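In what follows, a single structure is set out as structure tokens and then discussed.
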Amino acid sequence: MARLTRRGFLQTSAGAATGVAAISVPGLAMVLDHGSAAADLPASAGEPVVAYIRDASTGEVTVMAGHNEVTQHDPELVRRLLKAAK
Amino acid sequence: MSSHREAPAISKDPVADSTDLYAFVSPDDPGSVTIIANYVPLEGPAGGPNFYEFGDDVLYEIHIDNDGDNEADITYQFRFTTKQFVKDTFLYNNGQILTLNDAHWNRRQFYSVTRVKNGDSDVLASGLSCPPCNVGPRSIPNYSALADAAIHSLPGGGWVFAGQRREGFFVDLGSVFDLLDLRPIQSLHLLGTPDSPGVDSGMEVNVHSIAIKVPKSALTHDGSTPADQADPRSVVGVWTTAKRRRVRVREEQDDTETGPWMQVSRLGNPLFNEVIVPMGDKDRWNALPPKADDQFAKYVKHPEVATLLPVLYQTGGVTHFPNLKTLNTSGAERTDLVLILLTGIPSGPITGFQNHTSDKPADLLRLNMAISPGSLNNPLGVIGGDLAGFPNGRRVFDDVVAIELRCIAGAVYKLIDNTFTPDAAIPAISDFTGGTSVDGAVPGSGRYLSKFPYLGLPLDGFNVESEAS
């Protein structure tokens, strides 16, 4: 599991990072229709889920739900999230 | 100050900014240990209408290492919940607050205490009331009674308090950060001016304290009650952390937070991150656990302040710290400071005392619980001949600024090298006239209490200037 740096965390907290997408559980399910990170996260209905892409060129996405996070290498998911953000 | 605004990132987040950590054998209940973790630096007592409070979005933790591996064996966690009862007023209170559930008190905080031992969590208490901030005598005519009512018992014989108290740490902040120009000895400074009394920067401010008192046996590895100071089981290492969720998404109201807890503040020994760790590493230090402190040991072995003292204190080109200057020039590592701050002092150098936990460096506040609190109450602690004071834990009235400055200047280096002679100027190092402490820095005065939670009642917003003067 990749760790974010303190500075990265602050940027994320400030909402300044360009790769942050806050989406609801149904929204994530729609995006993650390949079944990947969400399956490993104990997100309950109505709980926010956040996907964080530090650098789109790496194809890595960190998904956070509750007190958990999962980092996956999923270039296709990264591509679709970026597309959704436009 | 001790750890007030000590690092760039956390200085912008006062609710999570740990300012001081105290750990000592309770003087009026010597079978117990009291640990106090302070947050929210430099509270102006009149700071309304949104008076100071703990963060609902912060996980506050006090950690105990009781087996010398620099990892937490016991953690006390504190979580706060704020409730606003009357929404159509701008006032903190719309009448007098006479009880902890007074209907005139609009914005109240409650908290839970959880003990985590070896990975198992046990909620010791929940729904505990904080006292209000000390608004003023018209709003709260009997603050002392309210504060006492906010001291809660815990299962197993413990006590807990969380709320506003008077700042216990004393320092002449203006002098320390103005090129270390300590007023009582500023005639010796490179840019010398006549000596003058120190100015206590903590005199007119409050702080938010989390104080917990537990039986000594609740902290030891095997549940024993420490009786022999030489027994390794008598020593615990203590530190605090504050954590925030990894992600916060701004909303128009009620922000969203998710992800694991991220450490944003840490505190063990006073002044460690403030004056030992250089600015470029301070934020990273705050995010790391003590077991990662090996990478910061170089700053203890060759402290910047030790190089500054001989330069800043000189007259006519002659330094007042010649032996320290020679020690610096030799390149010798400051093993004395490593023992005090990073490993604990082993048996031997100081008769009747040890607080060693591990040879692996970690910034922990180390307390030998078998040492009686005694009656000396010397604010200079161990270097003043009082083994119950800093760096054997830390009491609320310990003069940690003078202690650490003198140690950095070489006051105890002779314990490592008996050929070393401490400079004659060392006993004069203090930011307050009199050499050791400020007025009122004694137990039982208004600034401190002789009973739990030991820090004095907070200054009230209406009378602060007259009370503090």
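Every chain in the structure tokens has a letter given in the order shown (A, B, ...), and although residue numbers restart at 1 in each chain, ligands are simply numbered from 1 in the order shown.
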List the spatial neighbours of B:Leu91 as a PyMOL selection string - criterion: any atom at most 12 Å away, only C-alpha atoms, same-chain residues fewer than 3 positions off excluded. chain B and resi 48-51+84-88+94-96+104-107+135+139
Considering only C-alpha atoms, give me a table of residues in chain B that are at most 8 Å from chain A, with the closest atom pair and distance in Å for each, as a Markdown table.
| residue | atom | partner | partner_atom | distance |
| --- | --- | --- | --- | --- |
| B:Arg245 | CA | A:His67 | CA | 7.9 |
| B:Arg246 | CA | A:Phe9 | CA | 5.9 |
| B:Val247 | CA | A:Ser13 | CA | 5.1 |
| B:Arg248 | CA | A:Ser13 | CA | 4.7 |
| B:Val249 | CA | A:Gly15 | CA | 6.3 |
| B:Arg250 | CA | A:Gly15 | CA | 7.1 |
| B:Thr256 | CA | A:Pro48 | CA | 7.3 |
| B:Glu257 | CA | A:Pro48 | CA | 7.9 |
| B:Thr258 | CA | A:Gly66 | CA | 5.4 |
| B:Gly259 | CA | A:His67 | CA | 4.5 |
| B:Pro260 | CA | A:His67 | CA | 4.1 |
| B:Trp261 | CA | A:His67 | CA | 7.0 |
| B:Met262 | CA | A:Arg6 | CA | 8.0 |
| B:Val264 | CA | A:Arg6 | CA | 7.6 |
| B:Asp283 | CA | A:Arg6 | CA | 7.6 |
| B:Arg284 | CA | A:Arg6 | CA | 7.0 |
| B:Ala287 | CA | A:Arg6 | CA | 6.6 |
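The shortest atom-to-atom distance to B:Asp172, with only C-alpha atoms taken into account, belongs to B:Asp200 out of B:Asp200, B:Asp148, B:Asp231, B:Asp120.
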For B:Val275, find every residue with an atom within 12 Å (counting only C-alpha atoms), except residues of its own chain fewer than 5 positions away, and show them as an NGL selection string. :B and (1-7 or 176-177 or 180 or 269-270 or 281-282 or 299-300 or 303-306 or 308 or 401 or 404-405 or 408)
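For the pair atom CA of B:Leu188 and atom CA of B:Ala402, the separation is 16.6 Å.
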Report, in Å with one decimal, the straight-line distance from atom CA of B:Leu98 to atom CA of B:Gly136. 12.4 Å
Give me, as a list in words, all polymer residues having an atom no more than 9 Å from B:Ser18, counting only C-alpha atoms and skipping those fewer than 3 positions away in the same chain.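 Listing them by chain and then by number gives Ser3, His4, Arg5, Ile10, Pro14, Val15, Leu21, Ala37, Asn38, Tyr39, Val40, Pro41, Thr240, Thr241, Ala242, Ser265, Arg266 and Leu267 of chain B.
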Could you dump the residues just selected with C-alpha atoms as a CSV table (one decimal), in the first residue's frame?
chain,number,residue,atom,x,y,z
B,3,SER,CA,6.3,23.1,20.9
B,4,HIS,CA,3.9,26.0,20.2
B,5,ARG,CA,4.0,26.8,16.5
B,10,ILE,CA,1.3,22.6,12.1
B,14,PRO,CA,-3.5,25.1,16.0
B,15,VAL,CA,-6.3,22.7,17.0
B,21,LEU,CA,3.6,17.2,27.2
B,37,ALA,CA,-1.1,16.8,26.6
B,38,ASN,CA,-1.7,20.4,25.7
B,39,TYR,CA,-3.0,21.7,22.4
B,40,VAL,CA,-4.2,25.0,20.9
B,41,PRO,CA,-1.2,27.4,21.5
B,240,THR,CA,1.7,12.4,22.0
B,241,THR,CA,0.3,12.5,18.5
B,242,ALA,CA,-2.5,14.3,16.8
B,265,SER,CA,1.7,16.6,15.2
B,266,ARG,CA,4.0,14.8,17.6
B,267,LEU,CA,5.6,15.7,20.9
Close residues, A:Thr58 itself excluded, 10 Å, only C-alpha atoms, min 3 positions apart in chain, as a short mmCIF file (atom, residue, chain, number, x, y, z; two decimals) with N, CA and C atoms, in the first residue's frame:
data_model
loop_
_atom_site.label_atom_id
_atom_site.label_comp_id
_atom_site.auth_asym_id
_atom_site.auth_seq_id
_atom_site.Cartn_x
_atom_site.Cartn_y
_atom_site.Cartn_z
N ILE A 53 -5.61 10.48 -7.66
CA ILE A 53 -4.59 10.17 -8.65
C ILE A 53 -3.47 11.18 -8.48
N ARG A 54 -2.34 10.70 -8.00
CA ARG A 54 -1.22 11.62 -7.77
C ARG A 54 -0.61 12.04 -9.09
N ASP A 55 -0.40 11.09 -9.95
CA ASP A 55 0.25 11.37 -11.24
C ASP A 55 -0.38 10.42 -12.26
N VAL A 61 -4.03 4.70 -8.90
CA VAL A 61 -5.14 5.42 -8.26
C VAL A 61 -5.30 4.87 -6.84
N HIS A 73 -2.83 -0.24 -9.52
CA HIS A 73 -2.32 0.15 -10.83
C HIS A 73 -3.41 -0.17 -11.84
N ASP A 74 -4.08 0.87 -12.33
CA ASP A 74 -5.23 0.66 -13.20
C ASP A 74 -5.32 1.82 -14.19
N PRO A 75 -4.48 1.79 -15.21
CA PRO A 75 -4.46 2.90 -16.17
C PRO A 75 -5.81 3.18 -16.79
N VAL A 78 -7.85 5.15 -14.36
CA VAL A 78 -7.32 6.51 -14.32
C VAL A 78 -7.80 7.29 -15.53
#
Check the smallest atom-to-atom distance from each of B:Ile64, B:Asp417, B:Ala409, B:Ala23 to B:Asn328 using only C-alpha atoms, then report the winner.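 Ranking B:Ile64, B:Asp417, B:Ala409, B:Ala23 by distance to B:Asn328, first place goes to B:Ala409.
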Using DSSP assignments from the backbone, pull out every residue in stretch 99-331 of chain B that falls under strand (DSSP E or B) and give it to me as number ranges by chain. B: 105, 107-117, 120-129, 152-154, 158-166, 206-215, 235-249, 256-267, 314-315, 318-319
Interatomic distance, atom CA of B:Ala150 to atom CA of B:Arg394 (Å, one decimal):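 Taking atom CA of B:Ala150 and atom CA of B:Arg394, their separation equals 23.9 Å.
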Could you name the residues that touch B:Val464 at 7 Å or less, counting only C-alpha atoms, but leaving out those on the same chain fewer than 4 positions away, as an mmCIF file with N, CA and C atoms, in the first residue's frame?
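Contents of around-v6.cif, as written:
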data_model
loop_
_atom_site.group_PDB
_atom_site.id
_atom_site.type_symbol
_atom_site.label_atom_id
_atom_site.label_comp_id
_atom_site.auth_asym_id
_atom_site.auth_seq_id
_atom_site.Cartn_x
_atom_site.Cartn_y
_atom_site.Cartn_z
ATOM 1 N N PRO B 45 -7.368 34.854 26.268
ATOM 2 C CA PRO B 45 -8.549 34.496 27.066
ATOM 3 C C PRO B 45 -9.834 35.168 26.597
ATOM 4 N N GLU B 204 -0.063 35.428 29.980
ATOM 5 C CA GLU B 204 -1.415 35.938 29.737
ATOM 6 C C GLU B 204 -2.207 35.087 28.758
ATOM 7 N N LEU B 459 -7.204 31.790 32.653
ATOM 8 C CA LEU B 459 -7.485 33.217 32.834
ATOM 9 C C LEU B 459 -8.812 33.543 32.172
ATOM 10 N N ASP B 460 -9.591 34.425 32.791
ATOM 11 C CA ASP B 460 -10.869 34.759 32.162
ATOM 12 C C ASP B 460 -10.717 35.950 31.231
ATOM 13 N N ALA B 468 -3.166 38.723 35.224
ATOM 14 C CA ALA B 468 -1.838 38.294 34.797
ATOM 15 C C ALA B 468 -0.739 39.228 35.256
#
